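Student: My structure is stored as upload.txt, with compact mmCIF, C-alpha atoms and all ligand atoms.
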```
# COMPACT_ATOMS: atom_id res chain seq x y z
CA MET T 16 95.12 166.52 37.88
CA SER T 17 94.25 163.51 35.78
CA GLU T 18 90.85 163.09 34.16
CA PRO T 19 88.61 160.45 35.76
CA HIS T 20 89.15 157.73 33.16
CA ARG T 21 92.76 158.31 32.19
CA PRO T 22 95.27 155.82 33.66
CA LEU T 23 97.55 157.23 36.35
CA ARG T 24 100.94 157.95 34.81
CA ILE T 25 103.66 156.53 37.06
CA GLY T 26 107.06 158.17 36.57
CA THR T 27 110.12 155.96 37.06
CA ARG T 28 113.76 155.65 36.04
CA GLY T 29 114.43 153.21 33.25
CA SER T 30 116.76 150.72 34.98
CA ILE T 31 115.51 147.16 35.35
CA LEU T 32 115.39 147.65 39.11
CA ALA T 33 113.39 150.89 38.89
CA LEU T 34 111.00 149.46 36.29
CA THR T 35 110.41 146.37 38.39
CA GLN T 36 109.68 148.29 41.57
CA ALA T 37 107.45 150.83 39.81
CA GLY T 38 105.74 147.87 38.13
CA THR T 39 104.76 146.46 41.53
CA VAL T 40 103.11 149.79 42.38
CA ARG T 41 101.35 149.88 38.99
CA ASP T 42 100.04 146.32 39.44
CA ALA T 43 98.83 147.05 42.98
CA LEU T 44 97.04 150.22 41.84
CA ILE T 45 95.36 148.36 38.98
CA ALA T 46 94.31 145.58 41.37
CA ALA T 47 92.77 148.26 43.62
CA GLY T 48 90.72 149.56 40.69
CA HIS T 49 92.96 152.45 39.60
CA PRO T 50 94.19 152.01 36.01
CA ALA T 51 97.89 152.96 35.80
CA GLU T 52 100.83 152.88 33.39
CA LEU T 53 104.61 153.45 33.59
CA VAL T 54 106.34 156.48 32.07
CA VAL T 55 110.17 156.27 31.91
CA VAL T 56 112.11 159.40 32.89
CA ARG T 57 115.81 159.56 32.07
CA THR T 58 117.99 160.80 34.98
CA ALA T 59 121.52 162.19 35.23
CA GLY T 60 122.38 159.34 37.60
CA ASP T 61 121.76 156.76 34.88
CA ALA T 62 124.01 158.63 32.45
CA SER T 63 126.98 158.87 34.82
CA ALA T 64 129.44 156.25 36.03
CA GLU T 65 130.83 158.54 38.75
CA PRO T 66 130.52 157.51 42.41
CA VAL T 67 127.24 158.72 43.93
CA GLU T 68 129.08 160.91 46.47
CA LYS T 69 130.53 162.90 43.53
CA ILE T 70 127.35 163.34 41.49
CA GLY T 71 125.15 164.17 44.47
CA VAL T 72 122.47 162.56 46.53
CA GLY T 73 119.41 163.73 44.59
CA VAL T 74 120.68 162.63 41.21
CA PHE T 75 118.45 159.58 40.80
CA THR T 76 115.29 161.26 42.00
CA ALA T 77 115.50 164.89 40.78
CA ALA T 78 114.49 164.25 37.15
CA VAL T 79 111.53 162.06 38.15
CA ARG T 80 110.45 164.79 40.58
CA ASP T 81 110.78 167.41 37.84
CA ALA T 82 108.47 165.33 35.62
CA LEU T 83 105.97 165.13 38.50
CA ALA T 84 106.14 168.91 39.09
CA ALA T 85 105.66 169.53 35.33
CA ASP T 86 102.54 167.31 35.26
CA GLU T 87 104.22 164.89 32.84
CA VAL T 88 103.42 162.12 35.33
CA ASP T 89 100.88 161.85 38.16
CA VAL T 90 102.85 159.67 40.56
CA ALA T 91 106.59 159.13 41.10
CA VAL T 92 108.10 155.91 42.45
CA HIS T 93 111.54 156.21 44.05
CA SER T 94 113.88 153.98 46.03
CA TYR T 95 113.26 155.72 49.33
CA LYS T 96 116.91 155.72 50.32
CA ASP T 97 117.79 157.80 47.24
CA LEU T 98 115.48 160.70 48.27
CA PRO T 99 117.17 163.67 49.97
CA THR T 100 116.02 163.96 53.60
CA ALA T 101 114.81 167.57 53.23
CA ALA T 102 111.05 167.59 52.61
CA ASP T 103 109.94 169.11 49.30
CA PRO T 104 106.70 171.07 49.85
CA ARG T 105 105.63 170.49 46.22
CA PHE T 106 105.11 166.79 46.95
CA VAL T 107 103.76 164.36 49.53
CA ILE T 108 104.71 160.74 50.00
CA ALA T 109 101.24 159.30 49.57
CA ALA T 110 102.32 155.70 50.19
CA VAL T 111 105.19 153.63 51.54
CA PRO T 112 104.38 150.13 50.22
CA PRO T 113 105.36 147.04 52.26
CA ARG T 114 109.13 147.13 52.63
CA GLU T 115 111.46 144.44 51.29
CA ASP T 116 114.09 142.88 53.55
CA PRO T 117 116.35 145.91 54.22
CA ARG T 118 119.62 144.03 54.74
CA ASP T 119 122.71 144.22 52.58
CA ALA T 120 123.72 141.09 50.75
CA LEU T 121 127.05 139.55 49.86
CA VAL T 122 127.55 137.92 46.46
CA SER T 123 130.89 136.12 46.47
CA ARG T 124 133.04 133.63 44.59
CA ASP T 125 132.49 130.02 45.60
CA ASN T 126 129.50 131.25 47.61
CA LEU T 127 131.74 132.18 50.57
CA VAL T 128 130.19 134.02 53.52
CA LEU T 129 131.86 137.21 54.79
CA GLY T 130 133.75 135.43 57.58
CA GLU T 131 135.21 132.92 55.12
CA LEU T 132 136.81 135.49 52.82
CA PRO T 133 140.58 135.37 53.41
CA PRO T 134 142.51 138.59 54.24
CA GLY T 135 143.34 140.52 51.08
CA SER T 136 140.10 139.51 49.36
CA ARG T 137 138.85 142.21 47.00
CA ILE T 138 135.33 143.43 47.82
CA GLY T 139 133.50 145.83 45.51
CA THR T 140 131.38 148.69 46.84
CA SER T 141 131.33 152.46 46.38
CA ALA T 142 129.08 153.25 49.33
CA PRO T 143 131.14 154.86 52.15
CA ARG T 144 128.70 153.29 54.61
CA ARG T 145 129.44 149.77 53.34
CA ALA T 146 133.18 150.35 52.83
CA SER T 147 133.71 151.77 56.32
CA GLN T 148 131.68 149.05 58.06
CA LEU T 149 133.62 146.38 56.13
CA ARG T 150 136.92 148.00 57.17
CA ALA T 151 135.75 148.20 60.80
CA LEU T 152 135.22 144.41 60.85
CA GLY T 153 139.02 144.07 60.75
CA LEU T 154 139.03 141.14 58.33
CA GLY T 155 141.81 142.66 56.20
CA LEU T 156 139.54 142.98 53.16
CA GLU T 157 140.54 145.23 50.28
CA ILE T 158 137.71 147.61 49.30
CA VAL T 159 137.44 148.31 45.57
CA PRO T 160 135.25 151.15 44.20
CA LEU T 161 132.33 149.81 42.17
CA ARG T 162 129.23 151.30 40.59
CA GLY T 163 126.77 150.27 37.95
CA ASN T 164 123.54 148.31 37.84
CA ILE T 165 123.05 145.01 39.61
CA ASP T 166 124.08 142.97 36.55
CA THR T 167 127.34 144.88 36.17
CA ARG T 168 128.19 144.57 39.84
CA ILE T 169 127.46 140.87 40.16
CA GLY T 170 129.31 140.38 36.85
CA ARG T 171 132.59 141.51 38.49
CA VAL T 172 132.44 138.44 40.71
CA THR T 173 131.43 136.06 37.92
CA SER T 174 134.37 137.35 35.82
CA GLY T 175 136.80 136.73 38.70
CA GLU T 176 137.81 140.41 38.92
CA LEU T 177 136.48 140.68 42.47
CA ASP T 178 136.07 138.14 45.27
CA ALA T 179 132.75 139.62 46.38
CA VAL T 180 130.38 142.56 46.11
CA VAL T 181 127.96 144.00 48.66
CA LEU T 182 124.59 145.27 47.43
CA ALA T 183 121.12 145.91 48.78
CA ARG T 184 119.30 142.58 49.13
CA ALA T 185 116.08 144.34 48.12
CA GLY T 186 117.48 145.26 44.72
CA ILE T 187 118.59 141.68 44.08
CA ALA T 188 115.18 140.41 45.19
CA ARG T 189 113.33 142.81 42.90
CA VAL T 190 115.24 141.61 39.84
CA ASP T 191 114.66 138.01 40.96
CA ARG T 192 118.31 137.00 41.47
CA LEU T 193 118.24 136.04 45.17
CA GLY T 194 119.70 132.66 44.19
CA GLU T 195 123.04 134.42 43.69
CA VAL T 196 123.21 135.82 47.25
CA SER T 197 125.90 134.09 49.32
CA GLU T 198 124.90 135.73 52.62
CA SER T 199 122.34 138.25 53.82
CA LEU T 200 124.51 140.30 56.13
CA ASP T 201 123.54 140.37 59.78
CA PRO T 202 122.86 143.95 60.92
CA VAL T 203 125.39 143.40 63.71
CA GLN T 204 128.07 143.28 60.98
CA MET T 205 126.49 145.64 58.48
CA LEU T 206 123.68 148.10 59.23
CA PRO T 207 121.79 149.02 56.06
CA ALA T 208 121.28 152.53 54.72
CA PRO T 209 118.33 154.41 56.21
CA ALA T 210 115.17 153.45 54.25
CA GLN T 211 116.93 150.71 52.27
CA GLY T 212 114.44 148.28 50.74
CA ALA T 213 111.54 150.75 50.91
CA LEU T 214 109.80 152.63 48.13
CA ALA T 215 108.40 156.16 48.26
CA VAL T 216 105.31 156.81 46.16
CA GLU T 217 105.14 160.55 45.67
CA CYS T 218 102.29 162.78 44.43
CA ARG T 219 101.83 166.51 43.93
CA SER T 220 100.65 168.03 47.24
CA SER T 221 97.61 169.60 45.54
CA ASP T 222 96.30 166.38 43.88
CA THR T 223 93.98 165.21 46.65
CA ASP T 224 92.14 162.66 44.47
CA ILE T 225 95.36 161.00 43.32
CA ILE T 226 96.76 161.06 46.85
CA ALA T 227 93.61 159.30 48.07
CA ALA T 228 93.87 156.67 45.31
CA VAL T 229 97.53 155.96 46.09
CA ALA T 230 97.12 156.01 49.90
CA GLY T 231 95.64 152.50 49.78
CA GLN T 232 99.14 151.20 49.01
CA ASP T 233 100.58 152.52 52.29
CA ASP T 234 101.94 150.10 54.87
CA ALA T 235 101.93 151.74 58.31
CA ASP T 236 104.78 149.62 59.73
CA SER T 237 107.03 150.31 56.74
CA ARG T 238 106.24 154.02 56.98
CA ALA T 239 107.10 154.09 60.70
CA THR T 240 110.44 152.28 60.38
CA VAL T 241 111.49 154.49 57.47
CA ALA T 242 110.37 157.63 59.34
CA ALA T 243 112.62 156.73 62.29
CA GLU T 244 115.67 155.97 60.13
CA ARG T 245 115.26 159.06 57.95
CA ALA T 246 114.69 161.39 60.92
CA LEU T 247 117.95 160.08 62.38
CA LEU T 248 119.79 160.79 59.14
CA ALA T 249 118.29 164.29 58.84
CA GLU T 250 119.17 165.14 62.44
CA LEU T 251 122.76 164.02 61.81
CA GLU T 252 122.69 166.34 58.75
CA ALA T 253 124.17 163.52 56.74
CA GLY T 254 123.16 162.49 53.23
CA CYS T 255 122.45 159.07 51.74
CA THR T 256 126.16 158.57 51.00
CA ALA T 257 127.31 159.26 54.57
CA PRO T 258 128.89 156.46 56.63
CA VAL T 259 125.65 156.07 58.60
CA GLY T 260 123.76 152.81 59.03
CA ALA T 261 120.32 152.60 60.62
CA LEU T 262 117.65 149.96 61.01
CA ALA T 263 114.29 150.14 62.74
CA VAL T 264 112.12 147.11 63.42
CA ILE T 265 108.74 146.80 65.05
CA ALA T 266 108.79 144.30 67.87
CA GLU T 267 106.60 143.08 70.70
CA SER T 268 107.46 144.37 74.12
CA LEU T 269 106.21 143.28 77.55
CA ASP T 270 105.02 146.05 79.86
CA ASP T 271 104.93 146.00 83.69
CA ASP T 272 101.39 144.56 83.76
CA GLY T 273 102.43 141.57 81.65
CA ASN T 274 100.65 142.87 78.54
CA THR T 275 102.38 142.96 75.22
CA HIS T 276 102.41 145.95 72.92
CA LEU T 277 104.28 146.92 69.77
CA GLU T 278 107.28 149.20 69.92
CA LEU T 279 109.78 150.56 67.46
CA PHE T 280 113.38 149.47 68.03
CA LEU T 281 115.96 151.59 66.24
CA ARG T 282 119.69 151.01 66.08
CA ALA T 283 122.28 153.01 64.22
CA CYS T 284 125.99 153.48 63.68
CA VAL T 285 128.30 156.19 62.42
CA VAL T 286 131.64 154.88 61.16
CA ALA T 287 134.97 156.56 60.42
CA LEU T 288 135.74 156.17 56.70
CA ASP T 289 138.92 154.23 57.45
CA GLY T 290 136.99 151.91 59.79
CA SER T 291 139.13 152.90 62.77
CA GLU T 292 136.16 153.94 64.89
CA VAL T 293 132.46 153.00 65.12
CA ILE T 294 129.88 154.76 67.26
CA ARG T 295 126.76 152.68 67.88
CA SER T 296 123.61 153.19 69.84
CA SER T 297 120.00 152.04 69.96
CA ARG T 298 116.69 153.17 71.37
CA THR T 299 113.06 152.03 71.65
CA GLY T 300 110.05 154.29 71.27
CA ALA T 301 106.32 154.34 70.69
CA LEU T 302 105.14 153.51 67.16
CA HIS T 303 103.50 156.91 66.78
CA LYS T 304 106.76 158.64 67.81
CA ALA T 305 108.99 157.15 65.11
CA ALA T 306 110.54 160.41 63.94
CA GLU T 307 111.16 161.59 67.51
CA THR T 308 112.94 158.32 68.28
CA GLY T 309 115.17 158.87 65.25
CA GLN T 310 115.99 162.43 66.29
CA GLU T 311 116.74 161.39 69.86
CA LEU T 312 119.04 158.60 68.75
CA ALA T 313 120.85 160.99 66.39
CA ARG T 314 121.45 163.43 69.25
CA GLU T 315 122.80 160.59 71.34
CA LEU T 316 125.22 159.63 68.54
CA LEU T 317 126.29 163.28 68.22
CA ASP T 318 126.90 163.41 72.00
CA LEU T 319 129.09 160.32 71.59
CA GLY T 320 131.21 162.17 68.98
CA ALA T 321 129.57 161.21 65.67
CA ARG T 322 130.25 164.66 64.16
CA ASP T 323 133.99 163.99 64.12
CA LEU T 324 133.57 160.81 62.08
CA MET T 325 131.40 162.26 59.31
CA PRO T 326 132.98 163.97 56.30
CA ALA T 327 131.76 167.57 55.84
CA THR T 328 129.26 166.57 53.13
CA ARG T 329 127.03 169.63 53.48
CA GLU T 330 129.44 172.02 51.83
CA ALA T 331 130.44 169.54 49.14
CA ASP T 332 126.85 168.53 48.33
CA PRO T 333 126.00 169.82 44.85
CA ASP T 334 122.26 169.58 45.56
CA PRO T 335 120.74 172.66 47.14
CA PRO T 336 118.84 171.94 50.38
CA GLY T 337 115.18 171.23 49.81
CA GLN T 338 115.70 169.78 46.36
N1 LIG T 401 122.12 153.56 45.84
C1 LIG T 401 121.49 152.98 44.71
C2 LIG T 401 120.33 152.12 45.12
N2 LIG T 401 119.16 152.66 45.45
C3 LIG T 401 118.30 151.64 45.82
C4 LIG T 401 118.97 150.44 45.69
C5 LIG T 401 118.47 149.09 45.99
C6 LIG T 401 117.05 148.94 46.43
C7 LIG T 401 116.71 149.58 47.75
O1 LIG T 401 117.53 149.74 48.65
O2 LIG T 401 115.53 149.93 47.90
C8 LIG T 401 120.26 150.72 45.23
C9 LIG T 401 121.31 149.74 44.91
C10 LIG T 401 122.17 149.31 46.07
O3 LIG T 401 122.33 150.03 47.05
O4 LIG T 401 122.75 148.20 46.01
```
Rewrite the coordinates I just gave you, this time as structure tokens.
Tutor:
Amino acid sequence: MSEPHRPLRIGTRGSILALTQAGTVRDALIAAGHPAELVVVRTAGDASAEPVEKIGVGVFTAAVRDALAADEVDVAVHSYKDLPTAADPRFVIAAVPPREDPRDALVSRDNLVLGELPPGSRIGTSAPRRASQLRALGLGLEIVPLRGNIDTRIGRVTSGELDAVVLARAGIARVDRLGEVSESLDPVQMLPAPAQGALAVECRSSDTDIIAAVAGQDDADSRATVAAERALLAELEAGCTAPVGALAVIAESLDDDGNTHLELFLRACVVALDGSEVIRSSRTGALHKAAETGQELARELLDLGARDLMPATREADPDPPGQ
């Protein structure tokens, strides 16, 4: 518990992306009258160049969570999509700030859009979700494994090594390089990762004063869309590196009496790693039933055979459940 006049210590990874997104939370807290400062926590994910599916899903968030549990920081800011789906009773997500555009983005040579890349073009991505959706498009693209920070990944195109890379548009936006995006990929071609573009602002469950201070940063619509997408992922028992895309939006809907009301529209896909099969479905639900809508859509995907397309990640996952 922090003393009344001490700034809130915000734990974050040290990458430019992480510092920028934690900085937006710090600035918003300060503007709301809560002095705050950033504290950098080094994580195993930053130290490794291995693909994320090898080093484990919680690798970017575990060290920041440990610092929060140890009272070295008061608040943790994570990219929401990097958090394991299992809830951790030590913490609560006190705020989901307004979400960035969740789409994936293409950065390509000569500013080509996806449909203009000739067969045989080399596209960099290490995310099974992106690789399998790209393969399923049937454009004859060659998928090349690629990790590293945004600079490194975009640099592979600038250097001519790759024809294009696919990354989260939100990450590019946060480091102010949107000018380099050749195309924001339509969700019909490429469904983003569950919770992509959203932040999770986490506090210790017992720190009611800090939770109350941070809660002012919460955006109800962002929280609802993320809740639907994450509930879907959890129900599929898939991790953040699974070939699962999901996107919820809040849209106006006309009821029988001609009145409009807001609804949550969720669509999702599960893709075979080789792109040979895609299972898609979608569902609408009430705003206050976001998680239920996600679970129901997951069950529908499982009924359609989604289990057979997903690699058995549970056994291979080095992170214990609940971490
Ligand atoms: N998996 C790493 C990761 N975690 C969050 C982002 C980008 C920002 C976001 O989605 O919130 C990225 C990079 C990427 O996927 O290109």
Student: Which polymer residues have any atom within 7 Å of an atom of Met325 of chain T, counting all atoms listed in the file, with same-chain residues fewer than 4 positions away left out, as a compact mmCIF listing (two decimals) with C-alpha atoms, in the frame of the given file?
Tutor:
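Here's the written file out_26.txt:
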```
# COMPACT_ATOMS: atom_id res chain seq x y z
CA ALA T 257 127.31 159.26 54.57
CA PRO T 258 128.89 156.46 56.63
CA ALA T 287 134.97 156.56 60.42
CA ALA T 321 129.57 161.21 65.67
```
Student: Using only C-alpha atoms and all ligand atoms, pick whichever of T:Ala151, T:Val180, T:Ala51, T:Ala84 has the shortest atom-to-atom distance to ligand LIG 401 (chain T).
Tutor: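 Result for the nearest residue to ligand LIG 401 (chain T): T:Val180.
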Student: Quick one: contact table of chain T to ligand LIG 401 (chain T), 10 Å max, nearest atom pair and distance in Å to one decimal per residue, counting all atoms listed in the file, chain and number order, as a tab-separated table?
Tutor:
```
residue	atom	partner	partner_atom	distance
T:Leu32	CA	T:LIG401	C6	7.6
T:Ala33	CA	T:LIG401	C3	8.5
T:Gln36	CA	T:LIG401	O2	8.8
T:Gly60	CA	T:LIG401	C1	9.6
T:Pro66	CA	T:LIG401	N1	9.9
T:Val67	CA	T:LIG401	N1	7.5
T:Val72	CA	T:LIG401	N1	9.0
T:Phe75	CA	T:LIG401	C1	8.3
T:His93	CA	T:LIG401	C3	8.3
T:Ser94	CA	T:LIG401	O2	4.8
T:Tyr95	CA	T:LIG401	O2	6.4
T:Lys96	CA	T:LIG401	N2	6.2
T:Asp97	CA	T:LIG401	N2	5.6
T:Leu98	CA	T:LIG401	N2	9.3
T:Arg114	CA	T:LIG401	O2	8.4
T:Glu115	CA	T:LIG401	O2	7.6
T:Asp116	CA	T:LIG401	O1	9.1
T:Pro117	CA	T:LIG401	O1	6.9
T:Arg118	CA	T:LIG401	O1	8.6
T:Asp119	CA	T:LIG401	O4	7.7
T:Ala120	CA	T:LIG401	O4	8.6
T:Thr140	CA	T:LIG401	O4	8.7
T:Ser141	CA	T:LIG401	N1	9.3
T:Ala142	CA	T:LIG401	N1	7.8
T:Arg145	CA	T:LIG401	O3	9.5
T:Arg162	CA	T:LIG401	C1	8.9
T:Gly163	CA	T:LIG401	C9	8.9
T:Asn164	CA	T:LIG401	C9	7.6
T:Ile165	CA	T:LIG401	O4	7.2
T:Arg168	CA	T:LIG401	O4	9.0
T:Val180	CA	T:LIG401	O4	9.5
T:Val181	CA	T:LIG401	O4	7.2
T:Leu182	CA	T:LIG401	O4	3.7
T:Ala183	CA	T:LIG401	O4	3.9
T:Arg184	CA	T:LIG401	C6	7.3
T:Ala185	CA	T:LIG401	C6	5.0
T:Gly186	CA	T:LIG401	C6	4.1
T:Ile187	CA	T:LIG401	C5	7.7
T:Ala188	CA	T:LIG401	C6	8.8
T:Arg189	CA	T:LIG401	C6	8.0
T:Pro207	CA	T:LIG401	O1	8.6
T:Ala208	CA	T:LIG401	O1	7.7
T:Pro209	CA	T:LIG401	O1	8.9
T:Ala210	CA	T:LIG401	O1	7.1
T:Gln211	CA	T:LIG401	O1	3.8
T:Gly212	CA	T:LIG401	O2	3.5
T:Ala213	CA	T:LIG401	O2	5.1
T:Leu214	CA	T:LIG401	O2	6.3
T:Ala215	CA	T:LIG401	O2	9.5
T:Cys255	CA	T:LIG401	N1	8.1
T:Thr256	CA	T:LIG401	N1	8.2
```
Student: Name all residues at most 10 Å from segment 296-298 of chain T (count all atoms listed in the file; drop same-chain ones fewer than 6 positions away) and give them as a VMD selection string.
Tutor: chain T and resid 261 to 263 279 to 285 308 to 309 311 to 313 315 to 316 319
Student: Which residues come within 12 Å of Ile45 of chain T, counting all atoms listed in the file, excluding same-chain residues fewer than 5 positions away, as a list in words?
Tutor: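 Neighbouring residues, sequence-local ones excluded: Pro22, Leu23, Arg24, Ile25, Gly38, Thr39, Val40, Pro50, Ala51, Glu52, Leu53, Ala228, Val229, Gly231 and Gln232 of chain T.
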Student: Return the single residue from T:Gly194, T:Leu152, T:Val172, T:Glu278 that is closest to Asp236 of chain T, with distances computed using all atoms listed in the file.
Tutor: T:Glu278
Student: For a test of reading the model, state the distance in Å between atom CA of Leu277 of chain T and atom CA of Ala239 of chain T, rounded to one decimal.
Tutor: 11.9 Å
Student: Quick one: residues within 10 Å of Ala146 of chain T, only C-alpha atoms, excluding same-chain residues fewer than 6 positions away - as a list of chain:residue names?
Tutor: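 Using only C-alpha atoms, the neighbours found are T:Ile138, T:Gly139, T:Thr140, T:Leu156, T:Glu157, T:Ile158, T:Val159, T:Pro160, T:Val181, T:Met205, T:Pro258, T:Val286, T:Ala287, T:Leu288, T:Asp289, T:Gly290.
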Student: Quick one, how far is atom CA of Ser30 of chain T from atom CA of Val55 of chain T?
Tutor: 9.1 Å
Student: Pick out the closest residue to Thr173 of chain T from this set: T:Val122, T:Leu129, T:Val111, T:Leu161. Count all atoms listed in the file.
Tutor: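 Ranking T:Val122, T:Leu129, T:Val111, T:Leu161 by distance to Thr173 of chain T, first place goes to T:Val122.
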Student: One number please: atom CA of Ala243 of chain T to atom CA of Ile31 of chain T, in Å, one decimal.
Tutor: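 Going from atom CA of Ala243 of chain T over to atom CA of Ile31 of chain T covers 28.7 Å.
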Student: Pick out the closest residue to Ala43 of chain T from this set: T:Pro113, T:Pro202, T:Gly260, T:Gly135. Count all atoms listed in the file.
Tutor: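 Result for the nearest residue to Ala43 of chain T: T:Pro113.
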Student: Measuring atom to atom with all atoms listed in the file, identify which of T:Leu83, T:Asp166, T:Gly300, T:Gly175 is nearest to His276 of chain T.
Tutor: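 So, comparing all the options, the nearest one is T:Gly300.
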Student: Measuring between all atoms listed in the file, which one of T:Ala109, T:Leu206, T:Asp191, T:Gly320 shows the shortest distance to Ala235 of chain T?
Tutor: T:Ala109
